[in-house]
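Here is the structure we will look at.
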Amino acid sequence: MSCIFCKIAAGEIPSEKVYSDDKVYAFKDISPQAPVHILVIPRVHIESANDINDENSAYVAAVFEAIPKVARACGLENGYRVITNVGEDGCQTVKHMHFHILGGKKLPENVV
Ligand code: AMP
Ligand code: ZN
């Protein structure tokens, strides 16, 4: 598997870990778009949110259970934004589903 996020989750490529459990790994985005910018990924390869199904949805649930833990660990008591890009029109660049957690400042109103 040549997927960079699979390798990050497996510890084969270095990353700045924020949270980890048996189904989820979270780490700092290498090119932060906000004062806090974390990526939360499942430890199984799911290409995008468009590939969620009944066989992998336990990993997706685990990702969402991890998000408030990540937010607390990063001091995002005042709120944050969760984004996942899907496919070409969604401008997804890494084809391993990931959820961006953005915060640490008042975010622009006009993204979504
Ligand atoms: P997306 O455009 O939604 O696919 O987001 C991919 C994200 O992965 C971007 O925000 C990148 O900055 C981030 N990224 C790519 N490679 C790495 C890496 N090695 N470590 C941390 N973040 C990365
Ligand atoms: Zn992968």
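Labels used: A, B, ... for chains in the order of the structure tokens, numbers from 1 for residues in each chain, and numbers from 1 for ligands as shown.
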What are the DSSP strand (DSSP E) residues of chain A, as a PyMOL selection string? chain A and resi 17-20+24-28+36-42+80-83+99-103
May I have the selected residues written with N, CA, C and O atoms, as a compact mmCIF listing (two decimals), in the first residue's frame?
# COMPACT_ATOMS: atom_id res chain seq x y z
N LYS A 17 1.83 13.38 16.45
CA LYS A 17 0.63 12.73 16.98
C LYS A 17 -0.10 13.61 17.99
O LYS A 17 0.53 14.23 18.85
N VAL A 18 -1.42 13.63 17.86
CA VAL A 18 -2.27 14.34 18.82
C VAL A 18 -3.14 13.36 19.59
O VAL A 18 -3.44 13.56 20.76
N TYR A 19 -3.56 12.28 18.91
CA TYR A 19 -4.45 11.29 19.53
C TYR A 19 -4.28 9.98 18.78
O TYR A 19 -4.03 9.96 17.56
N SER A 20 -4.44 8.88 19.50
CA SER A 20 -4.31 7.56 18.87
C SER A 20 -5.13 6.54 19.66
O SER A 20 -5.14 6.57 20.89
N VAL A 24 -8.23 4.78 15.29
CA VAL A 24 -8.10 6.18 14.86
C VAL A 24 -6.70 6.71 15.13
O VAL A 24 -6.07 6.35 16.14
N TYR A 25 -6.23 7.58 14.25
CA TYR A 25 -4.98 8.30 14.47
C TYR A 25 -5.22 9.76 14.11
O TYR A 25 -5.89 10.06 13.10
N ALA A 26 -4.72 10.68 14.93
CA ALA A 26 -4.86 12.11 14.66
C ALA A 26 -3.51 12.78 14.79
O ALA A 26 -2.74 12.48 15.70
N PHE A 27 -3.24 13.70 13.86
CA PHE A 27 -1.92 14.33 13.81
C PHE A 27 -2.03 15.73 13.24
O PHE A 27 -3.02 16.08 12.58
N LYS A 28 -0.98 16.53 13.48
CA LYS A 28 -1.00 17.92 13.00
C LYS A 28 -0.81 17.97 11.49
O LYS A 28 0.05 17.26 10.94
N VAL A 36 -4.91 26.02 14.91
CA VAL A 36 -4.98 24.58 15.19
C VAL A 36 -5.52 23.90 13.93
O VAL A 36 -6.60 24.28 13.44
N HIS A 37 -4.76 22.95 13.40
CA HIS A 37 -5.20 22.23 12.19
C HIS A 37 -4.74 20.77 12.34
O HIS A 37 -3.56 20.46 12.19
N ILE A 38 -5.70 19.93 12.66
CA ILE A 38 -5.45 18.51 12.93
C ILE A 38 -6.15 17.67 11.88
O ILE A 38 -7.24 18.03 11.42
N LEU A 39 -5.54 16.56 11.51
CA LEU A 39 -6.18 15.58 10.62
C LEU A 39 -6.52 14.35 11.44
O LEU A 39 -5.66 13.83 12.17
N VAL A 40 -7.74 13.88 11.32
CA VAL A 40 -8.19 12.67 12.02
C VAL A 40 -8.49 11.61 10.97
O VAL A 40 -9.28 11.87 10.05
N ILE A 41 -7.84 10.46 11.10
CA ILE A 41 -7.98 9.42 10.06
C ILE A 41 -8.31 8.06 10.69
O ILE A 41 -7.91 7.76 11.82
N PRO A 42 -9.01 7.22 9.93
CA PRO A 42 -9.20 5.83 10.37
C PRO A 42 -7.93 5.04 10.08
O PRO A 42 -7.19 5.34 9.14
N TYR A 80 -14.92 24.96 16.72
CA TYR A 80 -14.00 24.57 15.64
C TYR A 80 -14.82 24.14 14.45
O TYR A 80 -16.06 24.11 14.50
N ARG A 81 -14.15 23.80 13.37
CA ARG A 81 -14.83 23.34 12.15
C ARG A 81 -14.26 21.98 11.77
O ARG A 81 -13.05 21.76 11.90
N VAL A 82 -15.13 21.09 11.30
CA VAL A 82 -14.73 19.76 10.81
C VAL A 82 -15.06 19.70 9.33
O VAL A 82 -16.21 19.95 8.93
N ILE A 83 -14.04 19.38 8.52
CA ILE A 83 -14.23 19.35 7.06
C ILE A 83 -13.63 18.07 6.50
O ILE A 83 -12.54 17.66 6.91
N PHE A 99 -10.47 13.86 8.24
CA PHE A 99 -11.31 14.96 8.70
C PHE A 99 -10.39 16.04 9.25
O PHE A 99 -9.62 15.80 10.17
N HIS A 100 -10.47 17.21 8.62
CA HIS A 100 -9.71 18.37 9.10
C HIS A 100 -10.45 18.95 10.31
O HIS A 100 -11.65 19.20 10.24
N ILE A 101 -9.73 19.18 11.38
CA ILE A 101 -10.25 19.96 12.51
C ILE A 101 -9.51 21.29 12.49
O ILE A 101 -8.28 21.32 12.60
N LEU A 102 -10.28 22.35 12.31
CA LEU A 102 -9.69 23.70 12.20
C LEU A 102 -10.22 24.56 13.32
O LEU A 102 -11.44 24.58 13.58
N GLY A 103 -9.34 25.30 13.98
CA GLY A 103 -9.79 26.18 15.05
C GLY A 103 -8.65 26.98 15.61
O GLY A 103 -7.59 27.13 14.99
Select the residues contacting ligand 1 at a distance of at most 7 Å, based on only C-alpha atoms and all ligand atoms, then format the selection as a VMD selection string. chain A and resid 4 15 27 to 32 84 to 85 91 to 95 98
Using N, CA and C atoms, can you export the residues from the last selection as a CSV table (one decimal), in the first residue's frame?
chain,number,residue,atom,x,y,z
A,4,ILE,N,0.1,7.4,1.8
A,4,ILE,CA,0.9,8.2,2.7
A,4,ILE,C,0.2,8.2,4.1
A,15,SER,N,5.0,11.8,12.0
A,15,SER,CA,4.0,12.8,12.1
A,15,SER,C,3.9,13.3,13.6
A,27,PHE,N,-3.2,13.7,13.9
A,27,PHE,CA,-1.9,14.3,13.8
A,27,PHE,C,-2.0,15.7,13.2
A,28,LYS,N,-1.0,16.5,13.5
A,28,LYS,CA,-1.0,17.9,13.0
A,28,LYS,C,-0.8,18.0,11.5
A,29,ASP,N,-1.6,18.8,10.8
A,29,ASP,CA,-1.4,19.0,9.4
A,29,ASP,C,-0.1,19.7,9.1
A,30,ILE,N,0.6,19.2,8.1
A,30,ILE,CA,1.9,19.8,7.8
A,30,ILE,C,1.9,21.2,7.3
A,31,SER,N,0.7,21.6,6.8
A,31,SER,CA,0.6,22.9,6.2
A,31,SER,C,-0.7,23.6,6.8
A,32,PRO,N,-0.6,24.0,8.1
A,32,PRO,CA,-1.8,24.4,8.8
A,32,PRO,C,-2.5,25.7,8.2
A,84,THR,N,-14.3,17.5,5.5
A,84,THR,CA,-13.7,16.4,4.8
A,84,THR,C,-13.9,16.7,3.3
A,85,ASN,N,-12.9,16.7,2.5
A,85,ASN,CA,-12.9,16.9,1.1
A,85,ASN,C,-13.1,15.6,0.4
A,91,CYS,N,-11.7,18.8,-4.1
A,91,CYS,CA,-10.3,19.2,-4.0
A,91,CYS,C,-9.6,18.3,-3.0
A,92,GLN,N,-10.0,17.0,-3.0
A,92,GLN,CA,-9.3,16.1,-2.1
A,92,GLN,C,-7.9,15.7,-2.7
A,93,THR,N,-6.8,16.0,-2.0
A,93,THR,CA,-5.5,15.7,-2.5
A,93,THR,C,-4.9,14.4,-2.0
A,94,VAL,N,-5.3,14.0,-0.8
A,94,VAL,CA,-4.8,12.7,-0.2
A,94,VAL,C,-6.0,11.7,-0.2
A,95,LYS,N,-5.8,10.6,-0.9
A,95,LYS,CA,-6.9,9.7,-1.1
A,95,LYS,C,-7.1,8.7,0.0
A,98,HIS,N,-9.9,11.7,5.5
A,98,HIS,CA,-9.4,12.4,6.6
A,98,HIS,C,-10.4,13.6,7.0
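Around ligand 2, the neighbouring residues within 8 Å, taking only C-alpha atoms and all ligand atoms, come to Met1, Ser2, Cys3, Ile4, Phe5, Cys6, Lys7, Arg43, Val44, His45, Ile46, Glu47, Lys95, His96 and Met97 of chain A.
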One decimal, Å: what's the distance from CA of Ala66 (chain A) over to CA of Pro108 (chain A), could you say?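 One can read the CA of Ala66 (chain A) to CA of Pro108 (chain A) distance as 24.5 Å.
Relative to CA of Leu76 (chain A), CA of Phe64 (chain A) is found at 15.6 Å.
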Quick one: DSSP alpha helix (DSSP H) residues in chain A, as a ChimeraX atom specification? /A:4-9,57-73
Same residues, N, CA, C and O atoms, saved as a PDB file, in the first residue's frame:
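Okay, part-v9.pdb is ready:
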ATOM      1  N   ILE A   4       0.125   7.437   1.752  1.00  0.00           N
ATOM      2  CA  ILE A   4       0.922   8.176   2.746  1.00  0.00           C
ATOM      3  C   ILE A   4       0.237   8.186   4.119  1.00  0.00           C
ATOM      4  O   ILE A   4       0.920   8.083   5.156  1.00  0.00           O
ATOM      5  N   PHE A   5      -1.097   8.289   4.173  1.00  0.00           N
ATOM      6  CA  PHE A   5      -1.758   8.328   5.473  1.00  0.00           C
ATOM      7  C   PHE A   5      -1.805   6.946   6.116  1.00  0.00           C
ATOM      8  O   PHE A   5      -1.766   6.840   7.352  1.00  0.00           O
ATOM      9  N   CYS A   6      -1.869   5.870   5.333  1.00  0.00           N
ATOM     10  CA  CYS A   6      -1.717   4.531   5.911  1.00  0.00           C
ATOM     11  C   CYS A   6      -0.343   4.413   6.565  1.00  0.00           C
ATOM     12  O   CYS A   6      -0.209   3.859   7.667  1.00  0.00           O
ATOM     13  N   LYS A   7       0.678   4.954   5.889  1.00  0.00           N
ATOM     14  CA  LYS A   7       2.039   4.879   6.429  1.00  0.00           C
ATOM     15  C   LYS A   7       2.182   5.729   7.686  1.00  0.00           C
ATOM     16  O   LYS A   7       2.867   5.349   8.639  1.00  0.00           O
ATOM     17  N   ILE A   8       1.543   6.891   7.701  1.00  0.00           N
ATOM     18  CA  ILE A   8       1.575   7.736   8.907  1.00  0.00           C
ATOM     19  C   ILE A   8       0.897   7.011  10.067  1.00  0.00           C
ATOM     20  O   ILE A   8       1.435   6.959  11.185  1.00  0.00           O
ATOM     21  N   ALA A   9      -0.267   6.414   9.817  1.00  0.00           N
ATOM     22  CA  ALA A   9      -0.988   5.706  10.892  1.00  0.00           C
ATOM     23  C   ALA A   9      -0.174   4.526  11.416  1.00  0.00           C
ATOM     24  O   ALA A   9      -0.238   4.189  12.602  1.00  0.00           O
ATOM     25  N   SER A  57     -17.929   1.249   8.583  1.00  0.00           N
ATOM     26  CA  SER A  57     -18.521   2.385   9.297  1.00  0.00           C
ATOM     27  C   SER A  57     -18.176   2.401  10.791  1.00  0.00           C
ATOM     28  O   SER A  57     -18.278   3.462  11.421  1.00  0.00           O
ATOM     29  N   ALA A  58     -17.739   1.280  11.351  1.00  0.00           N
ATOM     30  CA  ALA A  58     -17.302   1.314  12.758  1.00  0.00           C
ATOM     31  C   ALA A  58     -16.074   2.210  12.899  1.00  0.00           C
ATOM     32  O   ALA A  58     -15.904   2.887  13.931  1.00  0.00           O
ATOM     33  N   TYR A  59     -15.232   2.228  11.883  1.00  0.00           N
ATOM     34  CA  TYR A  59     -14.061   3.103  11.906  1.00  0.00           C
ATOM     35  C   TYR A  59     -14.470   4.571  11.791  1.00  0.00           C
ATOM     36  O   TYR A  59     -13.854   5.454  12.387  1.00  0.00           O
ATOM     37  N   VAL A  60     -15.516   4.804  11.017  1.00  0.00           N
ATOM     38  CA  VAL A  60     -16.002   6.175  10.861  1.00  0.00           C
ATOM     39  C   VAL A  60     -16.608   6.650  12.183  1.00  0.00           C
ATOM     40  O   VAL A  60     -16.368   7.782  12.623  1.00  0.00           O
ATOM     41  N   ALA A  61     -17.364   5.778  12.830  1.00  0.00           N
ATOM     42  CA  ALA A  61     -17.918   6.123  14.150  1.00  0.00           C
ATOM     43  C   ALA A  61     -16.788   6.430  15.127  1.00  0.00           C
ATOM     44  O   ALA A  61     -16.864   7.391  15.907  1.00  0.00           O
ATOM     45  N   ALA A  62     -15.738   5.624  15.080  1.00  0.00           N
ATOM     46  CA  ALA A  62     -14.606   5.835  15.990  1.00  0.00           C
ATOM     47  C   ALA A  62     -13.924   7.176  15.717  1.00  0.00           C
ATOM     48  O   ALA A  62     -13.491   7.864  16.653  1.00  0.00           O
ATOM     49  N   VAL A  63     -13.841   7.550  14.450  1.00  0.00           N
ATOM     50  CA  VAL A  63     -13.269   8.857  14.110  1.00  0.00           C
ATOM     51  C   VAL A  63     -14.094   9.967  14.762  1.00  0.00           C
ATOM     52  O   VAL A  63     -13.553  10.883  15.395  1.00  0.00           O
ATOM     53  N   PHE A  64     -15.415   9.853  14.656  1.00  0.00           N
ATOM     54  CA  PHE A  64     -16.265  10.917  15.218  1.00  0.00           C
ATOM     55  C   PHE A  64     -16.269  10.896  16.739  1.00  0.00           C
ATOM     56  O   PHE A  64     -16.408  11.947  17.369  1.00  0.00           O
ATOM     57  N   GLU A  65     -16.084   9.724  17.328  1.00  0.00           N
ATOM     58  CA  GLU A  65     -15.943   9.678  18.789  1.00  0.00           C
ATOM     59  C   GLU A  65     -14.633  10.311  19.224  1.00  0.00           C
ATOM     60  O   GLU A  65     -14.523  10.879  20.319  1.00  0.00           O
ATOM     61  N   ALA A  66     -13.620  10.246  18.373  1.00  0.00           N
ATOM     62  CA  ALA A  66     -12.310  10.821  18.705  1.00  0.00           C
ATOM     63  C   ALA A  66     -12.294  12.343  18.567  1.00  0.00           C
ATOM     64  O   ALA A  66     -11.528  13.019  19.260  1.00  0.00           O
ATOM     65  N   ILE A  67     -13.130  12.872  17.686  1.00  0.00           N
ATOM     66  CA  ILE A  67     -13.055  14.311  17.387  1.00  0.00           C
ATOM     67  C   ILE A  67     -13.206  15.179  18.642  1.00  0.00           C
ATOM     68  O   ILE A  67     -12.378  16.080  18.867  1.00  0.00           O
ATOM     69  N   PRO A  68     -14.195  14.960  19.506  1.00  0.00           N
ATOM     70  CA  PRO A  68     -14.255  15.814  20.709  1.00  0.00           C
ATOM     71  C   PRO A  68     -13.067  15.637  21.644  1.00  0.00           C
ATOM     72  O   PRO A  68     -12.671  16.590  22.326  1.00  0.00           O
ATOM     73  N   LYS A  69     -12.482  14.440  21.656  1.00  0.00           N
ATOM     74  CA  LYS A  69     -11.278  14.231  22.478  1.00  0.00           C
ATOM     75  C   LYS A  69     -10.120  15.041  21.914  1.00  0.00           C
ATOM     76  O   LYS A  69      -9.349  15.668  22.657  1.00  0.00           O
ATOM     77  N   VAL A  70      -9.977  15.024  20.598  1.00  0.00           N
ATOM     78  CA  VAL A  70      -8.918  15.807  19.955  1.00  0.00           C
ATOM     79  C   VAL A  70      -9.141  17.292  20.231  1.00  0.00           C
ATOM     80  O   VAL A  70      -8.204  18.025  20.582  1.00  0.00           O
ATOM     81  N   ALA A  71     -10.386  17.729  20.088  1.00  0.00           N
ATOM     82  CA  ALA A  71     -10.697  19.147  20.301  1.00  0.00           C
ATOM     83  C   ALA A  71     -10.355  19.569  21.731  1.00  0.00           C
ATOM     84  O   ALA A  71      -9.761  20.632  21.946  1.00  0.00           O
ATOM     85  N   ARG A  72     -10.721  18.725  22.708  1.00  0.00           N
ATOM     86  CA  ARG A  72     -10.392  19.042  24.109  1.00  0.00           C
ATOM     87  C   ARG A  72      -8.886  19.100  24.306  1.00  0.00           C
ATOM     88  O   ARG A  72      -8.369  20.008  24.934  1.00  0.00           O
ATOM     89  N   ALA A  73      -8.177  18.119  23.735  1.00  0.00           N
ATOM     90  CA  ALA A  73      -6.717  18.062  23.897  1.00  0.00           C
ATOM     91  C   ALA A  73      -6.039  19.282  23.281  1.00  0.00           C
ATOM     92  O   ALA A  73      -4.953  19.669  23.719  1.00  0.00           O
TER      93      ALA A  73
END
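CA of Pro35 (chain A) is found 13.2 Å from CA of Asn78 (chain A).
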